[in-house]
Structure formats: structure tokens, C-alpha cells
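Asker: Below is the structure I would like to discuss, written out as C-alpha cells.
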Amino acid sequence: MATLSLREEATDLLQRLIRLDTVNPPGNETAAAVLLQDYLDRSGVACQLYAKVPERANLVARIPGRGEGPSLLLLSHTDTVLADAGEWQLDPWSGELRDGEIWGRGALDMKGQVAANAVAIASLAREGFEPAGDLIFAATADEEVGHDFGLAWLCREHPDAVRADYCVNEGAGDRVDFGAGRVLYLCSTAEKMSSPFRLSVHGRSGHASMPGIADNALVKAAPLIERLAAYRPEPRIEPEVGALLQLLAGREVRADQALEAARAIHPLAAELIEPLLGLTISPTIISASQKRNVIPALCEMICDCRLLPGQTQAEAEELIRAALGEADYDLEWLEGQGGTRSPLESPLWAAIEDFVEAQEPQARLAPVCLAGFTDSHWLREAFGTVAYGFFPMRTMDPELASRLVHSADERIAVEDLELGVRFLRHVAQGLSA
């Protein structure tokens, strides 16, 4: 190991992680945890496995701090989504290195960052690094499905294992060139709440050959679907969008002008900002009669709904019901996860900003709210952790990277993997300075 560069070390470790099938479900993340434990043991990093069930272990590794500064958690997950080998150019579990890129399921989401985290803490340990506060690395299970085998379970059952003042997780880090010298590295500091709901539309059943004697719930649902799809809430600017627009436009922008201003800057700016100006609703699943000749008395729709950080379901329901108007339906929230934020100013933000400036002096670090959500919210809710999503990427085009996540031909540039290792080492050392 000592003869390998950090680039080679991270490449080798990522290839070995990809070759482990940790598709969730069922997960089988213990295989990855054991691989990481063996790797870290050889660098003298203390590790422990925590498992709700034997085959779904979480790994937590630690370099103890001197007790003079904040603790930092490098967070990642080892499970992945499914891969259909028939859609790929290469075997999704090959970990093949081709033309400077490592191919395989999880390369971007997020075994690449798992490997970079592991190499960063292992290399620091070998150098005798003594952080001011604990430096922790967690490779958790079950992020993709969330059936309580991963970070949520750790925060509840083993809080001292993952409690930290600061956290670096997935979520952003892309280098985006908006033109006119506006180069930004995005850092996720907040995320919307996942709040899916079920809409149950009521009618009266009957034989399909005599539609006049029934009240077709499926037909009644149609205008409600159209109203939900067309609904756009009154825009509002949250702190993250305000700061991003300030960097892009060089001025404060009113909420009702935000989307137009973003479009004038760059199409990608509008695409980024549009879902962050209010709650979003996407009808995605519908079910009604189970027989061709029976008119349904009930039509059920599942809608994906994302709320702004701090926005409550009660507030959202009032807006949704107003958009639907008078109709015979029931609305039921199915869950509410995420919707948290961290402050835009902190020692961790300063350390990330310092790294960006050192890599590319003309670039700026910009906050962004994720339209989706990550495991960061468990830490914010449990411990008040300041958690950011940042893994720098400047070699692969960000639009290509976004299309490859959860899709065929997922891969990561070795240059970006190495950049990530250097970033993580920088942040750990910066917080201890």
C-alpha cells in the first residue's frame, strides 16, 4: 500500500467496492463494511461494525481528537440501486478502468465518495495526523431505501458512534460554468422534505356497459390530476436561493422575478432554481378498477411532493386543497422526511471555500438546496450537526454526471476521485488548524 499514490489507492479501493453487489434491496452491505474494515485496519484506523441484522452492517472508523476542537464526520453509504446489465456497455460490477474512468454501479452514488473518505482518513492516520476533534468516517447501509438499517438506526441506537459537530456528505460539489466568468462549485446546505401523499377520489361503481348508472371515480380524478400537475405555488426565496442568485446576478432578486432572472443568466440556472421556489407536486402512480367491465368507485393517486425546508405539511395541505377546489376526495400524507438546513456560515463552509479558492481562484463556492434529500437530515435532527453535501467534480461534465446517477453506464473520472481525496484531507486538516 505504501508504494501506491493516493490516486492509485483510491482507484483500487473503489474498484473492489464496485465488485461487491450491494444493491438495495437486499443490500448485503456487510461485505463492503468488512472490506473497508480490513483496508483501514492496515493503516491503524480503529473501526467498529454496527448491525441491526448481520448482513447489513454499518462501519464507523475514527481517529480520536485531542479534545481541543470540533469533530468532523465523513459520511457515505455503501448500498446502491439496481443495475440492468443488458442496458450497460460494461458489466455494472466490473469496476473496469477505461479511458481514465472507473465504471460500475455506485461509482457516482456513492462508492466513489466511500473510497475517497476511506483513503483520506487512512492516509492521514499513516501520517500520524492528530485532529483537534475526532475525525470520523461512516459507511452506512440502507440509504437508498431507508428501512431503518442505516444512519437513522445509528443515530437512535448508537448515537455516540456518529455524533459530530460537522459533516461532509453527498449531494453536490459540481463545478458549473454559467458563462461570463461565473464559475461556481455548488455546496448543498439544505434539502427539501419528501412528503408524498395519497389522493383518494370517490365515486359509485357499476357495470361498464351502462356508464350512466355509475359515477366513475377514474374520470372524476382526471381534472384533479391536471390541476395538481399545473399547480405552481407563489414563489418565495429561501436563503440558499437568495445567496445563489446574488452570486449569479450580482444583485438581490425578488421572488416573482427569480425564475426570469435565472433564465436570462443560463438555462441551467433556471433548471436549478425552479424547483426551489416552492413546493412541487408530481402525480406518479394511479390505480382504479381491477376489471375492465367494472366502473371504479375509488381511484387512488400517489403524488410525489417536496416541501421547502421548514415548510409544514399542514401549510402545504392548505395550498393543495385550494388548488384542487371542491371535489369528493381524501388526502393522506404518507411520510415526511428531510426538510432541514444548515447555516451558510461556519468553519466548515470556510474550509470548503478555502479549498475551492486554492484549486480555482476565479471560482466561487455557492450554496444550494437539494430538491431531493440525503441522510444529512438525520444528523441535523439528532445532534444539530452542521452538514453539507460536497464532493468536488470538475473533470466530468455535471449534466452528464446527473444523467448517469441511478442509470446505465455509471462511472467516475479518476481525476475527480483523486480531487475528492485531496478535498477531504484538506477539510479535515483545515478544521483542526
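Please note that chains go A, B, ... in the order of the C-alpha cells, that every chain numbers its residues from 1, and that ligands are numbered from 1 in the order shown.
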Would you return as number ranges by chain the members of region 160-301 of chain A that DSSP assigns to helix (DSSP H, G or I) on this structure's backbone?

Answerer: A: 160-162, 211-213, 217-230, 239-249, 255-265, 267-276

Asker: If we count only C-alpha atoms and set the cut-off at 7 Å, which residues sit around region 122-137 of chain A, ignoring sequence neighbours fewer than 3 positions away in its own chain? Please answer as a list of chain:residue names.

Answerer: A:Leu40, A:Ser43, A:Gly44, A:Val45, A:Val60, A:Ala61, A:Arg62, A:Ile63, A:Pro64, A:Gly65, A:Arg66, A:Gly67, A:Glu68, A:Gly69, A:Pro70, A:Ser71, A:Leu72, A:Leu73, A:Leu74, A:Leu75, A:Asn117, A:Ala118, A:Val119, A:Ser432

Asker: Which residue out of A:Pro233, A:Pro54, A:Gly430, A:Gly179 has the minimum interatomic distance to Ala351 (chain A) when only C-alpha atoms are used?

Answerer: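 Nearest candidate to Ala351 (chain A) out of A:Pro233, A:Pro54, A:Gly430, A:Gly179: A:Gly430.
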
Asker: Which residues are close to Pro196 (chain A), i.e. within 12 Å by only C-alpha atoms, leaving aside same-chain residues fewer than 5 positions away? Reply as an MDAnalysis selection string.

Answerer: chainID A and resid 279:285 301:307 313 316:317 331:337

Asker: Would you list the contacts of Phe355 (chain A) as a compact mmCIF listing (two decimals) with C-alpha atoms, in the first residue's frame, taking every protein, DNA or RNA residue within 8 Å and counting only C-alpha atoms, but skipping same-chain residues closer than 3 positions in sequence?

Answerer:
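Resulting contents of around_13.txt:
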```
# COMPACT_ATOMS: atom_id res chain seq x y z
CA ALA A 351 -12.67 25.26 4.89
CA ILE A 352 -14.56 24.21 1.74
CA ALA A 358 -6.89 27.11 -3.88
CA GLN A 359 -7.99 24.90 -6.78
CA PHE A 423 -10.53 17.83 -0.66
CA HIS A 426 -7.89 19.46 3.26
CA VAL A 427 -11.13 19.86 5.19
```

Asker: Between CA of Thr140 (chain A) and CA of Cys47 (chain A), what is the distance, to one decimal in Å?

Answerer: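 About the pair CA of Thr140 (chain A) and CA of Cys47 (chain A): they are 12.9 Å apart.
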
Asker: Given the choices A:Val53, A:Ala288, A:Leu186, A:Leu245, which gets closest to Glu29 (chain A) if the distance is worked out from only C-alpha atoms?

Answerer: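 Once distances to Glu29 (chain A) are computed over only C-alpha atoms, the minimum belongs to A:Val53.
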
Asker: Which neighbours of Gly27 (chain A) fall inside 7 Å, counting only C-alpha atoms, when residues of the same chain fewer than 4 positions from it are skipped, and could you give them as a ChimeraX atom specification?

Answerer: /A:22-23,56,79,142

Asker: How about saving the chosen residues, N, CA and C atoms kept, as a JSON list (two decimals), in the first residue's frame?

Answerer:
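Saved result, selection11.json, follows:
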```json
[["chain", "number", "residue", "atom", "x", "y", "z"],
["A", 22, "THR", "N", -24.00, -4.68, -3.75],
["A", 22, "THR", "CA", -24.73, -4.21, -2.57],
["A", 22, "THR", "C", -26.02, -3.50, -2.99],
["A", 23, "VAL", "N", -26.64, -4.04, -4.04],
["A", 23, "VAL", "CA", -27.92, -3.49, -4.49],
["A", 23, "VAL", "C", -28.95, -3.62, -3.37],
["A", 56, "ARG", "N", -26.32, -6.55, 7.22],
["A", 56, "ARG", "CA", -26.49, -5.15, 6.85],
["A", 56, "ARG", "C", -25.70, -4.23, 7.78],
["A", 79, "ASP", "N", -24.74, 1.06, 0.02],
["A", 79, "ASP", "CA", -25.74, 0.40, -0.81],
["A", 79, "ASP", "C", -25.92, 1.17, -2.11],
["A", 142, "ASP", "N", -28.31, 1.09, 3.70],
["A", 142, "ASP", "CA", -29.73, 1.38, 3.56],
["A", 142, "ASP", "C", -30.10, 2.84, 3.31]]
```

Asker: Name the residues in contact with Ile225 (chain A) at a cut-off of 9 Å, using only C-alpha atoms, excluding same-chain residues fewer than 3 positions from it; report them as an NGL selection string.

Answerer: :A and (221-222 or 228-230 or 283 or 301 or 324)

Asker: Write out the residues from the selection above, keeping N, CA and C atoms, as a PDB file, in the first residue's frame.

Answerer:
```pdb
ATOM      1  N   ALA A 221     -61.176  11.729 -11.296  1.00  0.00           N
ATOM      2  CA  ALA A 221     -59.794  12.025 -10.896  1.00  0.00           C
ATOM      3  C   ALA A 221     -59.047  12.830 -11.953  1.00  0.00           C
ATOM      4  N   ALA A 222     -59.470  12.694 -13.221  1.00  0.00           N
ATOM      5  CA  ALA A 222     -58.713  13.304 -14.309  1.00  0.00           C
ATOM      6  C   ALA A 222     -58.502  14.810 -14.130  1.00  0.00           C
ATOM      7  N   LEU A 228     -53.280  19.370 -10.243  1.00  0.00           N
ATOM      8  CA  LEU A 228     -52.047  19.169  -9.487  1.00  0.00           C
ATOM      9  C   LEU A 228     -50.820  19.366 -10.366  1.00  0.00           C
ATOM     10  N   ALA A 229     -50.889  18.844 -11.586  1.00  0.00           N
ATOM     11  CA  ALA A 229     -49.750  18.971 -12.493  1.00  0.00           C
ATOM     12  C   ALA A 229     -49.499  20.422 -12.893  1.00  0.00           C
ATOM     13  N   ALA A 230     -50.556  21.201 -12.961  1.00  0.00           N
ATOM     14  CA  ALA A 230     -50.433  22.596 -13.397  1.00  0.00           C
ATOM     15  C   ALA A 230     -50.144  23.546 -12.242  1.00  0.00           C
ATOM     16  N   PRO A 283     -47.852  13.965  -9.790  1.00  0.00           N
ATOM     17  CA  PRO A 283     -48.629  12.719  -9.745  1.00  0.00           C
ATOM     18  C   PRO A 283     -47.845  11.606 -10.452  1.00  0.00           C
ATOM     19  N   MET A 301     -54.471   7.971  -6.191  1.00  0.00           N
ATOM     20  CA  MET A 301     -53.274   8.519  -6.808  1.00  0.00           C
ATOM     21  C   MET A 301     -52.207   8.705  -5.749  1.00  0.00           C
ATOM     22  N   LEU A 324     -56.954  22.154  -5.661  1.00  0.00           N
ATOM     23  CA  LEU A 324     -57.874  21.111  -6.133  1.00  0.00           C
ATOM     24  C   LEU A 324     -59.310  21.608  -6.248  1.00  0.00           C
TER      25      LEU A 324
END
```

Asker: Can you tell me, as a short mmCIF file (atom, residue, chain, number, x, y, z; two decimals) with all heavy atoms, in the first residue's frame, what residues are no more than 8 Å from Ala208 (chain A) when counting only C-alpha atoms, ignoring any on the same chain fewer than 3 positions away?

Answerer:
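Output saved as around-v4.cif:
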```cif
data_model
loop_
_atom_site.label_atom_id
_atom_site.label_comp_id
_atom_site.auth_asym_id
_atom_site.auth_seq_id
_atom_site.Cartn_x
_atom_site.Cartn_y
_atom_site.Cartn_z
N PRO A 211 -72.56 3.03 -18.34
CA PRO A 211 -71.85 4.08 -17.58
C PRO A 211 -72.77 5.11 -16.96
O PRO A 211 -72.40 5.76 -15.97
CB PRO A 211 -70.94 4.71 -18.64
CG PRO A 211 -71.52 4.34 -19.96
CD PRO A 211 -72.17 3.01 -19.76
N ARG A 292 -61.89 -4.82 -16.34
CA ARG A 292 -62.23 -3.98 -17.49
C ARG A 292 -63.70 -3.58 -17.49
O ARG A 292 -64.04 -2.46 -17.90
CB ARG A 292 -61.89 -4.73 -18.78
CG ARG A 292 -62.34 -4.02 -20.06
CD ARG A 292 -62.16 -4.90 -21.28
NE ARG A 292 -62.87 -6.16 -21.18
CZ ARG A 292 -64.19 -6.30 -21.38
NH1 ARG A 292 -64.94 -5.25 -21.70
NH2 ARG A 292 -64.77 -7.49 -21.29
N ASN A 293 -64.59 -4.45 -17.03
CA ASN A 293 -66.02 -4.17 -17.16
C ASN A 293 -66.66 -3.64 -15.88
O ASN A 293 -67.88 -3.65 -15.73
CB ASN A 293 -66.75 -5.43 -17.63
CG ASN A 293 -66.61 -6.59 -16.66
OD1 ASN A 293 -65.84 -6.52 -15.69
ND2 ASN A 293 -67.33 -7.67 -16.92
N VAL A 294 -65.82 -3.18 -14.93
CA VAL A 294 -66.35 -2.61 -13.69
C VAL A 294 -65.90 -1.16 -13.57
O VAL A 294 -64.70 -0.87 -13.56
CB VAL A 294 -65.87 -3.41 -12.45
CG1 VAL A 294 -66.35 -2.74 -11.17
CG2 VAL A 294 -66.37 -4.84 -12.52
N ILE A 295 -66.86 -0.26 -13.49
CA ILE A 295 -66.54 1.15 -13.29
C ILE A 295 -66.09 1.33 -11.84
O ILE A 295 -66.78 0.88 -10.91
CB ILE A 295 -67.76 2.03 -13.59
CG1 ILE A 295 -68.04 2.00 -15.10
CG2 ILE A 295 -67.55 3.47 -13.11
CD1 ILE A 295 -69.31 2.71 -15.50
#
```

Asker: Could you check how far CA of Glu144 (chain A) sits from CA of Ile412 (chain A), in Å to one decimal?

Answerer: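 Pair CA of Glu144 (chain A) / CA of Ile412 (chain A) returns 19.2 Å.
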
Asker: Here is a test: counting only C-alpha atoms, which residue of A:Gly86, A:Gly171, A:Gly106, A:Pro367 is nearest to Ile18 (chain A)?

Answerer: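 Of A:Gly86, A:Gly171, A:Gly106, A:Pro367, the one nearest Ile18 (chain A) is A:Gly106, counting only C-alpha atoms.
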
Asker: Could you tell me how far CA of Arg364 (chain A) sits from CA of Leu184 (chain A), in Å to one decimal place?

Answerer: 4.9 Å

Asker: Taking only C-alpha atoms into account, name the residue in A:Asp397, A:Glu101, A:Asp165, A:Glu315 that is nearest to Leu431 (chain A).

Answerer: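 The closest residue to Leu431 (chain A) is A:Asp165.
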
Asker: Quick one: DSSP strand (DSSP E) residues in region 76-311 of chain A, as a PDB file with C-alpha atoms, in the first residue's frame?

Answerer:
```
ATOM      1  CA  SER A  76     -21.265   7.924   2.990  1.00  0.00           C
ATOM      2  CA  HIS A  77     -23.409   4.903   2.195  1.00  0.00           C
ATOM      3  CA  LEU A  97     -10.856   1.315 -15.556  1.00  0.00           C
ATOM      4  CA  ARG A  98     -11.276   2.610 -19.096  1.00  0.00           C
ATOM      5  CA  GLU A 101     -12.867   6.466 -15.771  1.00  0.00           C
ATOM      6  CA  ILE A 102     -13.938   3.742 -13.327  1.00  0.00           C
ATOM      7  CA  TRP A 103     -17.155   2.061 -14.456  1.00  0.00           C
ATOM      8  CA  LEU A 135     -12.247  12.593  12.685  1.00  0.00           C
ATOM      9  CA  ILE A 136     -14.944  10.008  11.932  1.00  0.00           C
ATOM     10  CA  PHE A 137     -15.736   8.021   8.802  1.00  0.00           C
ATOM     11  CA  ALA A 138     -19.099   6.275   8.495  1.00  0.00           C
ATOM     12  CA  ALA A 139     -20.017   3.955   5.641  1.00  0.00           C
ATOM     13  CA  THR A 140     -23.662   3.203   6.288  1.00  0.00           C
ATOM     14  CA  TYR A 166     -19.696  18.929  11.344  1.00  0.00           C
ATOM     15  CA  CYS A 167     -20.363  16.533   8.488  1.00  0.00           C
ATOM     16  CA  VAL A 168     -19.394  16.244   4.830  1.00  0.00           C
ATOM     17  CA  ASN A 169     -21.837  14.105   2.854  1.00  0.00           C
ATOM     18  CA  ARG A 175     -18.279  22.700 -10.980  1.00  0.00           C
ATOM     19  CA  VAL A 176     -20.756  24.660 -13.098  1.00  0.00           C
ATOM     20  CA  ASP A 177     -19.784  27.328 -15.626  1.00  0.00           C
ATOM     21  CA  VAL A 183     -17.831  29.559 -12.327  1.00  0.00           C
ATOM     22  CA  LEU A 184     -19.450  28.088  -9.221  1.00  0.00           C
ATOM     23  CA  TYR A 185     -18.863  24.983  -7.155  1.00  0.00           C
ATOM     24  CA  LEU A 186     -22.214  24.011  -5.639  1.00  0.00           C
ATOM     25  CA  CYS A 187     -22.437  23.004  -1.982  1.00  0.00           C
ATOM     26  CA  SER A 188     -25.735  21.643  -0.653  1.00  0.00           C
ATOM     27  CA  THR A 189     -26.588  23.195   2.696  1.00  0.00           C
ATOM     28  CA  ALA A 190     -30.285  22.327   2.811  1.00  0.00           C
ATOM     29  CA  GLU A 191     -32.758  19.869   1.344  1.00  0.00           C
ATOM     30  CA  MET A 193     -38.774  17.454   2.628  1.00  0.00           C
ATOM     31  CA  SER A 194     -40.009  14.321   0.889  1.00  0.00           C
ATOM     32  CA  PHE A 197     -49.413  11.901  -0.338  1.00  0.00           C
ATOM     33  CA  ARG A 198     -52.296   9.709  -1.433  1.00  0.00           C
ATOM     34  CA  LEU A 199     -55.357  11.267  -3.042  1.00  0.00           C
ATOM     35  CA  SER A 200     -58.433   9.012  -2.904  1.00  0.00           C
ATOM     36  CA  VAL A 201     -61.214  10.094  -5.261  1.00  0.00           C
ATOM     37  CA  HIS A 202     -64.676   8.648  -4.559  1.00  0.00           C
ATOM     38  CA  GLY A 206     -71.386  -0.032 -11.811  1.00  0.00           C
ATOM     39  CA  HIS A 207     -71.204  -2.232 -14.894  1.00  0.00           C
ATOM     40  CA  THR A 280     -43.522  20.728  -6.054  1.00  0.00           C
ATOM     41  CA  ILE A 281     -46.162  18.093  -6.851  1.00  0.00           C
ATOM     42  CA  SER A 282     -45.803  15.271  -9.368  1.00  0.00           C
ATOM     43  CA  PRO A 283     -48.629  12.719  -9.745  1.00  0.00           C
ATOM     44  CA  THR A 284     -46.805   9.429 -10.347  1.00  0.00           C
ATOM     45  CA  ILE A 285     -48.997   6.362  -9.582  1.00  0.00           C
ATOM     46  CA  ILE A 286     -52.689   5.745 -10.191  1.00  0.00           C
ATOM     47  CA  SER A 287     -54.950   2.773  -9.515  1.00  0.00           C
ATOM     48  CA  VAL A 294     -66.349  -2.609 -13.687  1.00  0.00           C
ATOM     49  CA  ILE A 295     -66.540   1.154 -13.285  1.00  0.00           C
ATOM     50  CA  LEU A 298     -62.453   4.534  -5.921  1.00  0.00           C
ATOM     51  CA  CYS A 299     -59.445   5.954  -7.720  1.00  0.00           C
ATOM     52  CA  GLU A 300     -56.217   6.360  -5.764  1.00  0.00           C
ATOM     53  CA  MET A 301     -53.274   8.519  -6.808  1.00  0.00           C
ATOM     54  CA  ILE A 302     -49.834   8.718  -5.253  1.00  0.00           C
ATOM     55  CA  CYS A 303     -48.186  12.088  -5.673  1.00  0.00           C
ATOM     56  CA  ASP A 304     -44.526  12.859  -5.067  1.00  0.00           C
ATOM     57  CA  CYS A 305     -44.458  16.123  -3.145  1.00  0.00           C
ATOM     58  CA  ARG A 306     -41.391  18.061  -1.962  1.00  0.00           C
ATOM     59  CA  LEU A 307     -41.686  20.863   0.580  1.00  0.00           C
TER      60      LEU A 307
END
```
